[in-house]
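Participant: So that you have it, the file is upload-v8.cif, and it contains mmCIF, C-alpha atoms and all ligand atoms:
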data_work
#
loop_
_atom_site.label_atom_id
_atom_site.label_comp_id
_atom_site.auth_asym_id
_atom_site.auth_seq_id
_atom_site.Cartn_x
_atom_site.Cartn_y
_atom_site.Cartn_z
CA MET A 70 -0.53 4.58 18.85
CA VAL A 71 -0.09 7.88 17.01
CA LYS A 72 -2.31 10.69 18.39
CA PRO A 73 -3.82 12.19 15.20
CA TYR A 74 -4.77 15.71 16.17
CA VAL A 75 -1.48 17.14 17.40
CA LYS A 76 -1.47 20.74 16.08
CA PRO A 77 1.60 21.62 13.98
CA SER A 78 3.67 24.50 15.40
CA LYS A 79 4.50 27.42 13.06
CA ASP A 80 8.26 27.10 13.54
CA GLU A 81 8.96 23.37 13.85
CA PRO A 82 10.40 21.82 10.65
CA ALA A 83 8.01 19.09 9.48
CA ARG A 84 7.22 17.04 6.37
CA TRP A 85 3.90 17.89 4.73
CA PHE A 86 1.83 15.28 2.87
CA ILE A 87 -0.70 17.41 1.00
CA CYS A 88 -3.06 14.83 -0.47
CA SER A 89 -6.06 14.87 -2.73
CA ALA A 90 -7.77 11.78 -4.22
CA GLY A 91 -4.85 9.47 -5.17
CA ASP A 92 -2.37 12.35 -5.62
CA VAL A 93 0.26 13.93 -3.39
CA PHE A 94 1.94 17.37 -3.67
CA VAL A 95 5.68 17.33 -4.43
CA THR A 96 8.20 20.13 -4.92
CA GLU A 97 10.67 20.40 -7.82
CA ASN A 98 12.93 17.68 -6.33
CA GLY A 99 10.06 15.18 -6.40
CA ASN A 100 9.82 15.04 -2.60
CA VAL A 101 7.02 16.25 -0.32
CA PRO A 102 7.50 19.77 1.10
CA SER A 103 9.67 19.85 4.21
CA GLY A 104 10.34 22.71 6.64
CA ALA A 105 8.59 24.98 9.13
CA MET A 106 5.01 25.95 8.20
CA ALA A 107 5.92 29.64 8.52
CA SER A 108 8.71 29.25 5.93
CA LEU A 109 6.61 27.35 3.41
CA ASN A 110 4.23 30.06 2.33
CA PHE A 111 1.24 27.80 3.13
CA PRO A 112 -2.33 29.09 3.09
CA ASP A 113 -4.20 29.41 6.41
CA LEU A 114 -4.30 25.73 7.49
CA SER A 115 -7.26 26.33 9.83
CA GLN A 116 -9.39 25.85 6.67
CA TYR A 117 -7.97 22.33 6.10
CA THR A 118 -8.13 18.93 7.81
CA VAL A 119 -4.63 18.46 9.22
CA VAL A 120 -3.71 15.08 10.78
CA TYR A 121 -0.46 14.17 12.54
CA LEU A 122 0.91 10.98 10.94
CA GLY A 123 3.96 10.24 13.08
CA GLU A 124 7.69 10.85 12.62
CA LEU A 125 9.91 10.33 9.57
CA ARG A 126 13.68 10.73 10.08
CA GLU A 127 13.13 12.73 13.31
CA ARG A 128 10.66 15.12 11.70
CA PRO A 129 6.92 15.22 12.46
CA CYS A 130 4.73 14.43 9.43
CA TYR A 131 1.32 15.93 8.73
CA LEU A 132 -1.45 15.08 6.28
CA ILE A 133 -3.20 18.11 4.79
CA VAL A 134 -6.41 17.16 2.99
CA ALA A 135 -6.65 19.44 -0.06
CA ASP A 136 -8.62 19.66 -3.27
CA LEU A 137 -6.82 18.41 -6.36
CA ASN A 138 -4.71 21.19 -7.89
CA ASP A 139 -5.61 23.47 -4.96
CA PRO A 140 -4.00 26.75 -6.13
CA ALA A 141 -3.19 27.69 -2.55
CA PHE A 142 -0.21 25.31 -2.60
CA VAL A 143 2.59 26.72 -4.72
CA GLY A 144 6.11 25.66 -5.66
CA GLY A 145 5.27 22.17 -6.82
CA GLU A 146 2.57 19.90 -8.31
CA PHE A 147 0.15 17.10 -7.45
CA VAL A 148 1.44 13.76 -8.76
CA PRO A 149 0.04 10.19 -8.53
CA LEU A 150 1.13 8.54 -5.28
CA ARG A 151 2.64 5.60 -7.21
CA SER A 152 5.18 7.96 -8.83
CA LEU A 153 6.82 8.43 -5.41
CA LEU A 154 8.12 4.85 -5.86
CA SER A 155 10.57 6.14 -8.46
CA VAL A 156 12.06 8.61 -5.95
CA HIS A 157 13.51 5.49 -4.25
CA ASP A 158 12.75 6.73 -0.73
CA GLU A 159 10.82 3.78 0.75
CA GLU A 160 10.21 5.57 4.07
CA GLN A 161 8.74 8.64 2.34
CA PHE A 162 6.58 6.37 0.10
CA ALA A 163 5.32 4.47 3.16
CA MET A 164 4.41 7.72 4.97
CA ALA A 165 2.71 9.07 1.83
CA GLY A 166 0.77 5.80 1.66
CA ARG A 167 -0.25 6.25 5.30
CA ALA A 168 -1.36 9.82 4.51
CA ARG A 169 -3.51 8.62 1.60
CA GLN A 170 -5.09 5.83 3.68
CA VAL A 171 -5.86 8.22 6.58
CA MET A 172 -7.45 10.69 4.15
CA ASP A 173 -9.55 7.96 2.51
CA PHE A 174 -10.61 6.68 5.93
CA LEU A 175 -11.82 10.13 7.10
CA ASN A 176 -13.55 10.81 3.78
CA GLN A 177 -15.27 7.42 3.65
CA HIS A 178 -16.57 7.27 7.20
CA ARG A 179 -18.64 10.47 7.35
CA PHE A 180 -21.78 8.39 7.99
CA CYS A 181 -22.30 5.36 10.18
CA GLY A 182 -22.46 2.07 8.27
CA ARG A 183 -24.77 0.70 10.94
CA CYS A 184 -27.40 3.45 11.49
CA GLY A 185 -26.66 6.14 8.90
CA ALA A 186 -26.08 8.95 11.40
CA ARG A 187 -23.13 11.36 10.93
CA MET A 188 -19.89 10.14 12.49
CA GLN A 189 -17.35 12.28 14.37
CA ALA A 190 -13.55 12.02 14.45
CA VAL A 191 -12.30 10.77 17.81
CA ASP A 192 -9.78 13.29 19.21
CA TRP A 193 -7.32 10.93 20.91
CA GLU A 194 -7.05 8.06 18.40
CA LEU A 195 -7.45 7.64 14.63
CA ALA A 196 -11.08 6.51 14.64
CA MET A 197 -14.55 7.66 13.61
CA HIS A 198 -17.35 7.33 16.18
CA CYS A 199 -21.15 7.32 15.90
CA GLN A 200 -22.77 9.06 18.91
CA GLN A 201 -26.15 7.62 17.85
CA CYS A 202 -25.34 3.88 18.12
CA ASN A 203 -21.79 3.88 19.52
CA HIS A 204 -20.36 2.21 16.39
CA ARG A 205 -16.60 2.96 16.16
CA CYS A 206 -14.50 2.43 13.00
CA TYR A 207 -10.76 2.28 12.47
CA PRO A 208 -8.86 2.57 9.16
CA ARG A 209 -9.26 -0.52 7.03
CA VAL A 210 -6.16 -2.62 6.25
CA SER A 211 -6.64 -5.51 3.80
CA PRO A 212 -4.14 -8.35 4.32
CA CYS A 213 -2.83 -9.88 1.07
CA ILE A 214 -0.51 -12.77 0.50
CA ILE A 215 2.05 -12.49 -2.27
CA VAL A 216 4.29 -15.41 -3.19
CA ALA A 217 7.28 -16.11 -5.47
CA ILE A 218 6.99 -19.78 -6.50
CA ARG A 219 9.97 -21.65 -7.86
CA LYS A 220 10.22 -24.92 -9.80
CA GLU A 221 13.94 -25.72 -9.98
CA ASN A 222 15.40 -22.79 -11.97
CA ALA A 223 12.08 -21.35 -13.11
CA LEU A 224 9.74 -18.79 -11.50
CA LEU A 225 5.94 -18.71 -11.80
CA LEU A 226 4.96 -15.24 -13.10
CA ALA A 227 1.56 -14.04 -14.30
CA ARG A 228 0.09 -10.93 -15.92
CA GLY A 229 -3.01 -9.56 -14.20
CA LYS A 230 -5.74 -7.70 -16.08
CA ARG A 231 -4.95 -4.59 -14.04
CA HIS A 232 -1.16 -4.86 -14.35
CA LYS A 233 0.67 -2.33 -16.52
CA GLN A 234 0.83 -3.66 -20.10
CA GLY A 235 3.31 -6.50 -20.41
CA VAL A 236 4.42 -6.62 -16.77
CA TYR A 237 4.43 -10.05 -15.16
CA SER A 238 4.32 -10.40 -11.38
CA VAL A 239 4.23 -13.09 -8.70
CA LEU A 240 0.84 -14.33 -7.53
CA ALA A 241 -1.06 -12.31 -4.93
CA GLY A 242 -4.46 -12.33 -3.34
CA PHE A 243 -6.54 -10.94 -0.51
CA VAL A 244 -6.94 -12.98 2.66
CA GLU A 245 -10.61 -13.80 3.11
CA PRO A 246 -12.51 -13.74 6.44
CA GLY A 247 -11.63 -16.69 8.65
CA GLU A 248 -8.54 -17.68 6.65
CA SER A 249 -5.00 -18.02 7.95
CA LEU A 250 -2.19 -16.70 5.74
CA GLU A 251 -1.21 -20.27 4.88
CA GLN A 252 -4.79 -21.12 3.83
CA ALA A 253 -5.11 -17.93 1.76
CA LEU A 254 -1.82 -18.69 0.01
CA ALA A 255 -2.80 -22.28 -0.82
CA ARG A 256 -6.26 -21.15 -2.03
CA GLU A 257 -4.99 -18.25 -4.17
CA VAL A 258 -2.24 -20.35 -5.78
CA HIS A 259 -4.67 -23.16 -6.55
CA GLU A 260 -7.33 -20.72 -7.89
CA GLU A 261 -4.93 -18.70 -10.04
CA ALA A 262 -2.48 -21.40 -11.21
CA GLY A 263 -3.99 -24.83 -10.43
CA ILE A 264 -0.94 -26.07 -8.47
CA GLU A 265 0.04 -27.02 -4.93
CA VAL A 266 3.18 -25.63 -3.24
CA CYS A 267 5.49 -26.59 -0.36
CA ASP A 268 8.48 -25.06 1.53
CA ILE A 269 6.41 -21.92 2.19
CA GLU A 270 8.69 -19.35 3.84
CA TYR A 271 7.69 -15.88 5.13
CA GLN A 272 10.11 -13.22 3.81
CA LEU A 273 8.85 -9.64 4.40
CA SER A 274 5.78 -7.39 4.25
CA GLN A 275 4.91 -4.05 2.68
CA PRO A 276 2.00 -1.61 3.13
CA TRP A 277 0.49 -1.12 -0.34
CA PRO A 278 -1.82 1.93 -0.32
CA PHE A 279 -3.78 1.09 -3.46
CA PRO A 280 -6.05 1.52 -1.66
CA HIS A 281 -5.34 -0.22 1.66
CA SER A 282 -3.49 -3.53 1.21
CA LEU A 283 -0.87 -4.96 3.54
CA MET A 284 1.27 -7.30 1.44
CA MET A 285 2.71 -10.35 3.24
CA GLY A 286 5.49 -11.81 1.15
CA PHE A 287 6.45 -15.49 0.90
CA THR A 288 8.62 -17.77 -1.20
CA ALA A 289 7.52 -21.36 -1.98
CA GLN A 290 8.31 -24.29 -4.23
CA TRP A 291 6.07 -26.16 -6.70
CA GLN A 292 4.91 -29.44 -5.22
CA SER A 293 2.32 -30.85 -7.65
CA GLY A 294 -0.19 -30.03 -10.39
CA ASP A 295 -0.02 -28.85 -13.97
CA LEU A 296 -0.16 -25.09 -14.58
CA HIS A 297 -3.69 -23.82 -15.32
CA ILE A 298 -3.73 -19.99 -15.37
CA ASP A 299 -7.12 -18.62 -14.28
CA PRO A 300 -8.44 -16.61 -17.29
CA VAL A 301 -10.84 -14.62 -15.09
CA GLU A 302 -8.11 -12.97 -12.99
CA LEU A 303 -5.08 -13.28 -15.25
CA GLU A 304 -4.27 -12.65 -18.90
CA ALA A 305 -1.26 -14.98 -19.07
CA GLY A 306 1.19 -16.85 -16.87
CA ASP A 307 3.99 -19.38 -17.13
CA TRP A 308 7.21 -20.77 -15.68
CA PHE A 309 10.06 -18.41 -16.65
CA ALA A 310 13.75 -19.36 -16.47
CA ILE A 311 15.41 -17.10 -13.88
CA ASP A 312 17.95 -15.93 -16.46
CA ASP A 313 15.22 -15.07 -18.96
CA LEU A 314 12.49 -13.18 -17.06
CA PRO A 315 9.89 -10.88 -18.69
CA ASP A 316 9.28 -7.32 -17.45
CA THR A 317 8.55 -7.47 -13.71
CA PRO A 318 7.44 -4.84 -11.12
CA PRO A 319 9.92 -2.04 -10.32
CA GLU A 320 12.28 -1.68 -7.38
CA GLY A 321 10.41 -0.58 -4.27
CA THR A 322 7.66 -3.15 -4.77
CA ILE A 323 7.52 -6.28 -2.66
CA ALA A 324 7.09 -8.33 -5.87
CA HIS A 325 10.49 -7.07 -7.06
CA ARG A 326 12.08 -7.98 -3.72
CA LEU A 327 10.51 -11.49 -3.65
CA ILE A 328 11.73 -12.21 -7.18
CA GLU A 329 15.27 -11.21 -6.11
CA ILE A 330 15.07 -13.50 -3.05
CA ALA A 331 13.76 -16.44 -5.12
CA ILE A 332 16.55 -16.00 -7.69
CA GLY A 333 19.09 -15.93 -4.86
CA LYS A 334 17.70 -19.21 -3.53
CA ALA A 335 17.84 -20.87 -6.95
CA GLN A 336 21.46 -19.76 -7.41
CA GLN A 337 22.46 -21.22 -4.01
CA GLU A 338 21.15 -24.69 -4.92
N1 LIG B 1 3.12 -4.40 -4.22
C1 LIG B 1 3.25 -5.39 -5.08
O1 LIG B 1 4.36 -5.79 -5.47
C2 LIG B 1 2.00 -6.07 -5.59
C3 LIG B 1 0.80 -5.73 -5.03
N2 LIG B 1 -0.34 -6.36 -5.42
C4 LIG B 1 -1.58 -5.97 -4.75
O2 LIG B 1 -2.09 -7.07 -4.04
C5 LIG B 1 -3.52 -6.92 -3.92
C6 LIG B 1 -4.17 -8.25 -4.23
O3 LIG B 1 -3.78 -8.65 -5.54
P1 LIG B 1 -4.88 -9.22 -6.53
O4 LIG B 1 -4.23 -10.30 -7.32
O5 LIG B 1 -5.52 -8.09 -7.23
O6 LIG B 1 -6.00 -9.80 -5.52
P2 LIG B 1 -6.95 -11.07 -5.78
O7 LIG B 1 -6.18 -12.10 -6.54
O8 LIG B 1 -7.55 -11.41 -4.46
O9 LIG B 1 -8.11 -10.51 -6.76
C7 LIG B 1 -8.52 -9.20 -6.71
C8 LIG B 1 -10.01 -9.25 -6.50
O10 LIG B 1 -10.24 -9.32 -5.10
C9 LIG B 1 -11.44 -8.56 -4.81
N3 LIG B 1 -11.03 -7.53 -3.85
C10 LIG B 1 -10.67 -6.26 -4.11
N4 LIG B 1 -10.37 -5.62 -2.94
C11 LIG B 1 -10.53 -6.52 -1.97
C12 LIG B 1 -10.35 -6.48 -0.56
N5 LIG B 1 -9.92 -5.37 0.06
N6 LIG B 1 -10.58 -7.59 0.14
C13 LIG B 1 -10.99 -8.72 -0.49
N7 LIG B 1 -11.15 -8.84 -1.81
C14 LIG B 1 -10.94 -7.75 -2.54
C15 LIG B 1 -11.92 -7.95 -6.10
O11 LIG B 1 -12.88 -8.82 -6.64
C16 LIG B 1 -10.68 -7.97 -6.94
O12 LIG B 1 -10.99 -8.09 -8.31
C17 LIG B 1 -3.93 -5.78 -4.85
O13 LIG B 1 -4.12 -4.63 -4.01
C18 LIG B 1 -2.68 -5.56 -5.70
O14 LIG B 1 -2.53 -4.17 -6.00
C19 LIG B 1 -0.35 -7.39 -6.34
C20 LIG B 1 0.86 -7.76 -6.94
C21 LIG B 1 2.11 -7.09 -6.65
MG MG B 2 -4.44 -12.32 -7.44
ZN ZN B 3 -24.55 4.58 14.11
#
Let me see whether you can do it: turn the structure in this file into structure tokens.
Ligand SMILES: NC(=O)C1=CN([C@@H]2O[C@H](COP(=O)(O)OP(=O)(O)OC[C@H]3O[C@@H](n4cnc5c(N)ncnc54)[C@H](O)[C@@H]3O)[C@@H](O)[C@H]2O)C=CC1
Ligand SMILES: [Mg+2]
Ligand SMILES: [Zn+2]
Facilitator:
Amino acid sequence: MVKPYVKPSKDEPARWFICSAGDVFVTENGNVPSGAMASLNFPDLSQYTVVYLGELRERPCYLIVADLNDPAFVGGEFVPLRSLLSVHDEEQFAMAGRARQVMDFLNQHRFCGRCGARMQAVDWELAMHCQQCNHRCYPRVSPCIIVAIRKENALLLARGKRHKQGVYSVLAGFVEPGESLEQALAREVHEEAGIEVCDIEYQLSQPWPFPHSLMMGFTAQWQSGDLHIDPVELEAGDWFAIDDLPDTPPEGTIAHRLIEIAIGKAQQE
């Protein structure tokens, strides 16, 4: 477990995730600032919440909780976290996602959800504790299934109401209390597309910090049922020939990776 309140030293080169709301501070090269605090012309950090996040490529990483467009941080700009995907550095994106989730957790657990008293940060683990009623909270992670479903040489893709205009993705959904991943997958696929699937195979997972999902990626095959796209969740959906796909999520997303894997499987058959 990562000990959160390790104080940064002035001279040790580190990577700095200066976060505010859903944004992160990047320098001209589009990456987060990296180097020793003393060399980075930072303001006096004793005024900020600074949390140790762990190591990235042998360098310690720190979250600095700032105000959006805080003028004290110079030599770069605050950009939406999602734009770090286009820098194609999955490790940096994952650490920035961790930084955002830690910041949200600290900001959203100032008061106890059980008795309303103020909560305090625990000094040896990433947790918030209520002295009044002993309630202790840890950062929330919401498990989600995401599945690329094939029917011979076609892929099931759908456009969600929140998806960027025109982009089709594979089906996804949050695991509900008491469900196994297999049950959540069967429920979500039936709810959103009206079909049953078989040959369910786990492929990979990805933390998805919008705001705190953990994507668990599967491939599967159509087994039965006619396609009925759920109009509440989705705007459109259909079977798309693998050599004639619509716009799909960009590289760096688990949806992109699952679509590649499913196409590879179809081509092997
Ligand atoms: N990284 C990727 O490639 C992709 C990621 N996703 C993510 O997967 C997640 C689930 O996808 P959706 O189809 O939107 O989920 P979904 O199909 O379960 O429906 C979303 C609904 O679930 C409810 N909800 C929201 N947050 C929740 C939570 N933490 N726990 C339980 N229910 C919650 C809300 O009513 C929301 O409208 C979203 O965070 C989405 O951003 C979805 C597709 C691709
Ligand atoms: Mg869904
Ligand atoms: Zn309490």
Participant: Which residue out of A:Val134, A:Val148, A:Ala310, A:Val71 has the minimum interatomic distance to Val95 of chain A when only C-alpha atoms are used?
Facilitator: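 Ranked by minimum distance to Val95 of chain A, first place goes to A:Val148.
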Participant: Enumerate residues in contact with ligand ZN 3 (chain B): an atom-to-atom distance of at most 7 Å, counting all atoms listed in the file. Format the result as JSON, numbers by chain.
Facilitator: {"A": [181, 182, 183, 184, 185, 186, 199, 200, 201, 202, 203, 204]}
Participant: Which residues are near segment 175-180 of chain A? Cut-off 10 Å, all atoms listed in the file, ignore same chain within fewer than 2 positions. Put them as a PyMOL selection string.
Facilitator: chain A and resi 90+118+134+170-173+182-190+195-199+205-208
Participant: Take the residues that were just selected and, keeping C-alpha atoms, output them as a CSV table (one decimal), keeping the file's coordinate frame.
Facilitator:
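Output saved as selection-v7.csv:
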chain,number,residue,atom,x,y,z
A,90,ALA,CA,-7.8,11.8,-4.2
A,118,THR,CA,-8.1,18.9,7.8
A,134,VAL,CA,-6.4,17.2,3.0
A,170,GLN,CA,-5.1,5.8,3.7
A,171,VAL,CA,-5.9,8.2,6.6
A,172,MET,CA,-7.4,10.7,4.2
A,173,ASP,CA,-9.6,8.0,2.5
A,182,GLY,CA,-22.5,2.1,8.3
A,183,ARG,CA,-24.8,0.7,10.9
A,184,CYS,CA,-27.4,3.4,11.5
A,185,GLY,CA,-26.7,6.1,8.9
A,186,ALA,CA,-26.1,9.0,11.4
A,187,ARG,CA,-23.1,11.4,10.9
A,188,MET,CA,-19.9,10.1,12.5
A,189,GLN,CA,-17.4,12.3,14.4
A,190,ALA,CA,-13.6,12.0,14.4
A,195,LEU,CA,-7.4,7.6,14.6
A,196,ALA,CA,-11.1,6.5,14.6
A,197,MET,CA,-14.6,7.7,13.6
A,198,HIS,CA,-17.4,7.3,16.2
A,199,CYS,CA,-21.2,7.3,15.9
A,205,ARG,CA,-16.6,3.0,16.2
A,206,CYS,CA,-14.5,2.4,13.0
A,207,TYR,CA,-10.8,2.3,12.5
A,208,PRO,CA,-8.9,2.6,9.2
Participant: Please identify all polymer residues within 8 Å of segment 237-241 of chain A, counting all atoms listed in the file, omitting same-chain residues fewer than 3 positions from it, and present them as an MDAnalysis selection string.
Facilitator: chainID A and resid 213:218 225:229 232 257:258 261 306 315:318 324 328
Participant: Against ligand LIG 1 (chain B), which residues of chain A fall within 6 Å? For each one I want the closest pair of atoms and the distance in Å (one decimal), counting all atoms listed in the file, rows by chain and increasing residue number, as a tab-separated table.
Facilitator:
residue	atom	partner	partner_atom	distance
A:Ser211	CA	B:LIG1	N5	5.0
A:Cys213	CA	B:LIG1	C6	5.7
A:Ala241	CA	B:LIG1	O4	4.4
A:Gly242	CA	B:LIG1	O8	3.4
A:Phe243	CA	B:LIG1	O8	4.1
A:Trp277	CA	B:LIG1	N1	5.7
A:Phe279	CA	B:LIG1	O13	5.8
A:Ser282	CA	B:LIG1	O13	5.4
A:Thr322	CA	B:LIG1	O1	4.3
A:Ile323	CA	B:LIG1	O1	4.3
A:Ala324	CA	B:LIG1	O1	3.8
Participant: Between A:Glu248, A:Glu304, A:Asp192, A:Asp139, which residue has the minimum interatomic distance to ligand MG 2 (chain B), considering all atoms listed in the file?
Facilitator: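 Checking each of A:Glu248, A:Glu304, A:Asp192, A:Asp139 against ligand MG 2 (chain B), counting all atoms listed in the file, the winner is A:Glu304.
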Participant: Measure the distance from atom CA of Cys130 of chain A to atom CA of Lys76 of chain A in Å and round it to one decimal.
Facilitator: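 Computing it gives 11.1 Å between the two atoms.
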Participant: Give me, please, the distance in Å between atom CA of Tyr74 of chain A and atom CA of Tyr121 of chain A, quoted to one decimal.
Facilitator: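 So the two atoms, atom CA of Tyr74 of chain A and atom CA of Tyr121 of chain A, lie 5.8 Å apart.
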Participant: Check the smallest atom-to-atom distance from each of A:Glu302, A:Pro73, A:Arg151, A:Arg256 to ligand MG 2 (chain B) using all atoms listed in the file, then report the winner.
Facilitator: A:Glu302
Participant: Determine, counting only C-alpha atoms, which protein, DNA and RNA residues have an atom within 10 Å of an atom of Ser78 of chain A; residues of the same chain fewer than 3 positions away are not included. Present the result as a PyMOL selection string.
Facilitator: chain A and resi 75+81-83+105-107
Participant: So which one's closest to Asn110 of chain A, A:Trp85, A:Phe162, A:Phe142, A:Trp291? Using only C-alpha atoms, please.
Facilitator: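 With only C-alpha atoms as the atom set, the closest residue is A:Phe142.
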